[in-house]
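These notes are about the structure you will find just below.
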Amino acid sequence: MSASTTSTHRWQLLLGVALTIVVALGSAFVLSGATRGGSPAAPSAASQSAAGDCAVIGSLVAAATTTTASAHGVPAAAVRTGVDTVLSRARGLARTAASDDARESVQNLADDLAAYRLSVARPATDRHADIAAAVRADLTALRRLCGH
Amino acid sequence: MAPPHTPARRAVLALSTLVAGLGLAVSSVGAAAGAAAYLYVGGGGCSDTGSGTAAVPFCTIAKAAKVAVAGQTVLVSSGTYTDEVFPWHSGTSGSPITFQPAAGAVVTIAGAKHGFTISNQSWITVSGFTVRDTTSNAFYVFNATGVRLSNNTARGSGSPVEGATAYGMYLNSMTGSVVTGNLVTDNSASGIYLTNGSTGNQITGNESSWNAYGYVRNAVGIDLRAPGNLVSGNRVHDNEDSGIQSYPGGDRNTIVDNVSYHNKGFTTTPLTNCSAPPTGNTAGCITGDHGIDDFGVTGSSVVGNTVYDNVSAGINLEGVASGTPSGFTFADNISVDNAASCPNGAGGTVKCPRTRGDIRVDATSQLGTRLDYDLVNLSVSGTMMVWGSTSYTSLAAFQSASGQESHGRQADPRWTSPAQADFSLRAGSPAIDSADSNAPGQPALDAAGRPRVDDPSTPDSGVGVRSYDDRGAFEYQPPTPSRATS
């Protein structure tokens, strides 16, 4: 066996040892995390920016604004249908948005749209006015969240 | 010359290295399992690069939250901290992760975005902190179970500016958790908000007060947009809107033994949904609303609450879909002097606009609604009850027309001092020993945690497993009771 072959074998051995250590350390990290019952490598979603959600939020805000602004004089059933569509989108986004801030703000809109949907049957009441004001505030909060 | 590295030798070496590595892994796991019982935060010599021992504590609670694992308690020294705390790991049902001040310490978190964010982690306990002046919600929980928030203060979150408001406690997809003994006050949105399927939670013994958006009348003491929770023994007062509110999504909640009073005010700041008084000072807006408000929800129990001096109908149910049984039970409540006068500055004894009555059920919500064993009263003439579209100035007239409240009473409840918010009963109160102890959700202890006791001076007129429960949130404690629950 030549000296160069021996040297190659040594490097191969060292490389193998190094790789094994890396694998073992990785195993330790994963096992350690598993026993802690959480997501040790991932910071909380709280740290994520809402920016990634803003395109779909913008679309939602536009739809909700149009639906609630055009409710005056429209039959309650038609308003409800329009609200149902926007409400469904809001509820979906409230589950899938990447950032806590976006989820919260969209959830607030979904909650108030659900109340708004009920209140359209009594458009002249304080209740409807109160809920409509809450929806407008939700929409403002979403616009500000996305810097609009 | 080194011996030749045969394939067999290389395999042995690799295996031994792997074993050594796995040993390291196992060693690491062992350290996690045997982690110190306590992590320390704050005080002299602190370092966030250390291990959080008593000798070298962490400087920030956030650092402790990053490393704390199941079974560990984070003890925080006195001081004002500015970091947002979000745990990186879950506890377990038997070994939660606990955050609390060290013995005798006073700990404030101020100026952060949130005080505590518990997002996608479970079995976390946070107890004894003051969180104030956060830019967002003081406490934020998302997708968690087994959370316990106890004896904290959440104050001054957000700003009363459109788009910058924040809740005291925002509880999103939180299940099987306990929120108890907290003071939630002066926040710029509702005090405690449950939403998005938060269910199986106990919201007990909290005080939620003076919460206000400031530009729109919308802040509630406890706002329920999620089903199946117990809301018990809370004090809610002086909020910008209702004391306790169940809105769409908030079905099948049990609302018992709460005290909701003086959700009623007057502001010279214009509100989007301003209600100006009919006379008097019209250069401002009336705030406040119901003591307990249920809108578009079904299947809940409103039992044993004390409701006083709110600006609109004291206990209110409306907006149930026409033809749908509400499944609501109102029983054992004391509701007095609601919608009886405008707040100070807005007309004094002039009655304010909006709804009236100590108890009100609107026209679409009558089906499947049951009322009995409630005590109502007005100290001035006015609307006592509203049933459908008809108002009644006396309980007798309501009973005759509706067939409800056959055991209801109209009388002064003889509270100790309502002006001082002391709603305990005095001897001779008509509320004593007269409740339905089988009303759904009626607890064996009162709002102060005291037992139900039989007053020997009062004949029992109650029904159920105990014939001596009192109406309202507080049980009269006679000097020598003849019977008592344990």
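Every chain in the structure tokens has a letter given in the order shown (A, B, ...), and although residue numbers restart at 1 in each chain, ligands are simply numbered from 1 in the order shown.
Shell of Thr96 of chain A at 12 Å, with only C-alpha atoms counted and residues fewer than 2 places along the chain excluded, is Ala45, Ala50, Gly52, Asp53, Val56, Ile57, Arg89, Ala90, Arg91, Gly92, Leu93, Ala94, Ala98, Ser99, Asp100, Asp101, Ala102, Arg103, Glu104, Val106 and Gln107 of chain A.
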Could those residues be written to a file, using N, CA, C and O atoms, as a CSV table (one decimal), in the first residue's frame?
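And here's out.csv as it stands now:
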```
chain,number,residue,atom,x,y,z
A,45,ALA,N,-44.3,32.7,16.0
A,45,ALA,CA,-44.8,33.4,14.9
A,45,ALA,C,-45.0,34.9,15.2
A,45,ALA,O,-45.2,35.7,14.3
A,50,ALA,N,-46.3,41.0,9.3
A,50,ALA,CA,-47.5,40.9,8.6
A,50,ALA,C,-47.4,41.2,7.1
A,50,ALA,O,-48.3,41.0,6.3
A,52,GLY,N,-46.1,39.8,4.6
A,52,GLY,CA,-46.4,38.7,3.7
A,52,GLY,C,-47.9,38.5,3.5
A,52,GLY,O,-48.3,37.8,2.5
A,53,ASP,N,-48.7,38.9,4.4
A,53,ASP,CA,-50.1,38.7,4.3
A,53,ASP,C,-50.8,39.9,3.7
A,53,ASP,O,-52.0,39.8,3.4
A,56,VAL,N,-53.2,39.8,0.3
A,56,VAL,CA,-54.5,39.2,0.4
A,56,VAL,C,-55.4,40.0,1.4
A,56,VAL,O,-56.6,40.1,1.2
A,57,ILE,N,-54.7,40.6,2.4
A,57,ILE,CA,-55.5,41.5,3.3
A,57,ILE,C,-56.0,42.7,2.5
A,57,ILE,O,-57.2,43.1,2.7
A,89,ARG,N,-64.1,34.5,3.5
A,89,ARG,CA,-62.7,34.8,3.2
A,89,ARG,C,-61.9,35.2,4.5
A,89,ARG,O,-60.8,34.8,4.7
A,90,ALA,N,-62.6,36.0,5.3
A,90,ALA,CA,-61.9,36.5,6.5
A,90,ALA,C,-61.6,35.4,7.4
A,90,ALA,O,-60.6,35.3,8.0
A,91,ARG,N,-62.6,34.5,7.6
A,91,ARG,CA,-62.4,33.4,8.5
A,91,ARG,C,-61.2,32.5,8.0
A,91,ARG,O,-60.4,32.0,8.8
A,92,GLY,N,-61.2,32.3,6.7
A,92,GLY,CA,-60.1,31.5,6.2
A,92,GLY,C,-58.7,32.1,6.4
A,92,GLY,O,-57.8,31.5,6.9
A,93,LEU,N,-58.7,33.4,6.2
A,93,LEU,CA,-57.4,34.1,6.3
A,93,LEU,C,-57.0,34.2,7.8
A,93,LEU,O,-55.8,34.2,8.2
A,94,ALA,N,-58.0,34.3,8.7
A,94,ALA,CA,-57.7,34.4,10.1
A,94,ALA,C,-57.0,33.1,10.6
A,94,ALA,O,-56.4,33.1,11.6
A,98,ALA,N,-49.8,34.4,8.3
A,98,ALA,CA,-48.5,34.0,8.8
A,98,ALA,C,-48.2,34.7,10.2
A,98,ALA,O,-47.6,34.1,11.0
A,99,SER,N,-48.7,35.9,10.3
A,99,SER,CA,-48.3,36.6,11.5
A,99,SER,C,-49.4,36.7,12.5
A,99,SER,O,-50.6,36.7,12.1
A,100,ASP,N,-49.1,36.8,13.8
A,100,ASP,CA,-50.1,36.9,14.8
A,100,ASP,C,-50.9,38.2,14.6
A,100,ASP,O,-52.1,38.2,14.8
A,101,ASP,N,-50.2,39.3,14.2
A,101,ASP,CA,-50.9,40.5,14.1
A,101,ASP,C,-52.0,40.4,13.0
A,101,ASP,O,-53.1,40.9,13.1
A,102,ALA,N,-51.6,39.8,11.9
A,102,ALA,CA,-52.6,39.7,10.8
A,102,ALA,C,-53.7,38.8,11.2
A,102,ALA,O,-54.9,39.1,11.0
A,103,ARG,N,-53.4,37.7,11.8
A,103,ARG,CA,-54.5,36.8,12.3
A,103,ARG,C,-55.5,37.5,13.2
A,103,ARG,O,-56.7,37.4,13.1
A,104,GLU,N,-54.9,38.3,14.2
A,104,GLU,CA,-55.7,38.9,15.1
A,104,GLU,C,-56.6,40.0,14.4
A,104,GLU,O,-57.9,40.0,14.7
A,106,VAL,N,-57.5,40.2,11.3
A,106,VAL,CA,-58.5,39.6,10.4
A,106,VAL,C,-59.6,38.9,11.2
A,106,VAL,O,-60.8,38.9,10.9
A,107,GLN,N,-59.2,38.3,12.3
A,107,GLN,CA,-60.2,37.6,13.2
A,107,GLN,C,-61.2,38.7,13.7
A,107,GLN,O,-62.4,38.4,13.8
```
Query raised in the report: Looking only at the backbone, which of the residues in segment 221-457 of chain B does DSSP tag as alpha helix (DSSP H), as a list in words?
Result: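 In segment 221-457 of chain B, DSSP puts these residues in alpha helix (DSSP H): Leu395, Ala396, Ala397, Phe398, Gln399, Ser400, Ala401 and Ser402 of chain B.
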Requested in this report: Have a look at atom CA of Ile131 of chain A and atom CA of Val320 of chain B and let me know their distance in Å, one decimal.
Outcome: 16.0 Å
I'd like a table as JSON lines: residues in segment 80-145 of chain A with an atom no more than 9 Å from segment 67-72 of chain A, each row giving the shortest atom pair and its distance in Å to one decimal, only C-alpha atoms counted, sorted by chain and rising residue number.
```
{"residue": "A:Gly82", "atom": "CA", "partner": "A:Thr67", "partner_atom": "CA", "distance": 6.1}
{"residue": "A:Val83", "atom": "CA", "partner": "A:Thr67", "partner_atom": "CA", "distance": 6.5}
{"residue": "A:Val86", "atom": "CA", "partner": "A:Thr67", "partner_atom": "CA", "distance": 7.9}
{"residue": "A:Tyr116", "atom": "CA", "partner": "A:Thr68", "partner_atom": "CA", "distance": 8.7}
{"residue": "A:Val120", "atom": "CA", "partner": "A:Ala71", "partner_atom": "CA", "distance": 8.2}
{"residue": "A:Pro123", "atom": "CA", "partner": "A:His72", "partner_atom": "CA", "distance": 8.3}
{"residue": "A:Ala132", "atom": "CA", "partner": "A:Thr68", "partner_atom": "CA", "distance": 7.8}
{"residue": "A:Val135", "atom": "CA", "partner": "A:Thr68", "partner_atom": "CA", "distance": 8.5}
{"residue": "A:Arg136", "atom": "CA", "partner": "A:Thr68", "partner_atom": "CA", "distance": 8.8}
```
Query raised in the report: Can you tell me how far atom CA of Leu60 of chain A sits from atom CA of Ala141 of chain A, in Å to one decimal?
Result: 12.8 Å
**Report entry** Closest of B:Gly345, B:Pro160, B:Pro418, B:Gly249 to Tyr261 of chain B - atom-to-atom distances counting only C-alpha atoms
**Finding:**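 Comparing B:Gly345, B:Pro160, B:Pro418, B:Gly249 against Tyr261 of chain B, the winner is B:Pro418.
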Report task. Using only C-alpha atoms, determine which residues lie at most 10 Å from segment 271-277 of chain B, disregarding the query and same-chain residues fewer than 3 positions distant; provide the list as a ChimeraX atom specification. Result -> /A:126-134,136-137 /B:213-218,266-268,280-287,342-343,345-348,350-354
Requested in this report: Go through B:Trp415, B:Trp88, B:Tyr40, B:Tyr373 and flag the residue nearest chain A, using only C-alpha atoms for the distances.
Outcome: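 Checking each candidate against chain A, we get B:Trp88 as the closest.
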Requested in this report: Do a neighbour search on Ser301 of chain B at 7 Å with only C-alpha atoms, toss out local chain neighbours closer than 4 positions, and write the hits as a PyMOL selection string.
Outcome: chain B and resi 253-255+328-330+440-441
Query - Separation of atom CA of Gln366 of chain B from atom CA of Gly296 of chain B, in Å and rounded to one decimal - result: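 About the pair atom CA of Gln366 of chain B and atom CA of Gly296 of chain B: they are 12.3 Å apart.
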Report task. Could you pull out the residues in segment 316-470 of chain B that DSSP calls strand (DSSP E) from the backbone, as a VMD selection string? Result -> chain B and resid 316 to 318 329 to 331 334 to 336 359 to 361 370 to 372 375 to 377 385 to 387 390 to 392 409 to 410 415 to 417 422 to 425 453 to 454
Query raised in the report: Which residue, B:Gly403, B:Gly176, B:Gly52, B:Gly197, has the smallest gap to Thr369 of chain B when you use only C-alpha atoms?
Result: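 Checking each candidate against Thr369 of chain B, we get B:Gly403 as the closest.
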Report task. List the neighbours of Ser381 of chain B out to 10 Å using only C-alpha atoms; skip same-chain residues closer than 6 positions along the sequence, and give me the result as a PyMOL selection string. Result -> chain B and resi 337+340+393-394
Take the residues that were just selected and, keeping N, CA, C and O atoms, output them as an mmCIF file, in the first residue's frame.
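The result, written out as out_38.cif:
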```cif
data_model
loop_
_atom_site.group_PDB
_atom_site.id
_atom_site.type_symbol
_atom_site.label_atom_id
_atom_site.label_comp_id
_atom_site.auth_asym_id
_atom_site.auth_seq_id
_atom_site.Cartn_x
_atom_site.Cartn_y
_atom_site.Cartn_z
ATOM 1 N N ASP B 337 -82.413 48.861 38.672
ATOM 2 C CA ASP B 337 -82.133 50.245 38.265
ATOM 3 C C ASP B 337 -81.285 50.344 36.995
ATOM 4 O O ASP B 337 -80.363 51.171 36.902
ATOM 5 N N ALA B 340 -82.305 53.421 33.952
ATOM 6 C CA ALA B 340 -83.189 54.257 34.770
ATOM 7 C C ALA B 340 -82.813 55.722 34.725
ATOM 8 O O ALA B 340 -83.634 56.581 35.038
ATOM 9 N N THR B 393 -94.117 47.990 33.181
ATOM 10 C CA THR B 393 -93.580 48.809 34.270
ATOM 11 C C THR B 393 -93.582 48.065 35.598
ATOM 12 O O THR B 393 -93.089 48.592 36.596
ATOM 13 N N SER B 394 -94.165 46.881 35.624
ATOM 14 C CA SER B 394 -94.116 46.078 36.848
ATOM 15 C C SER B 394 -93.885 44.620 36.490
ATOM 16 O O SER B 394 -94.244 44.166 35.387
#
```
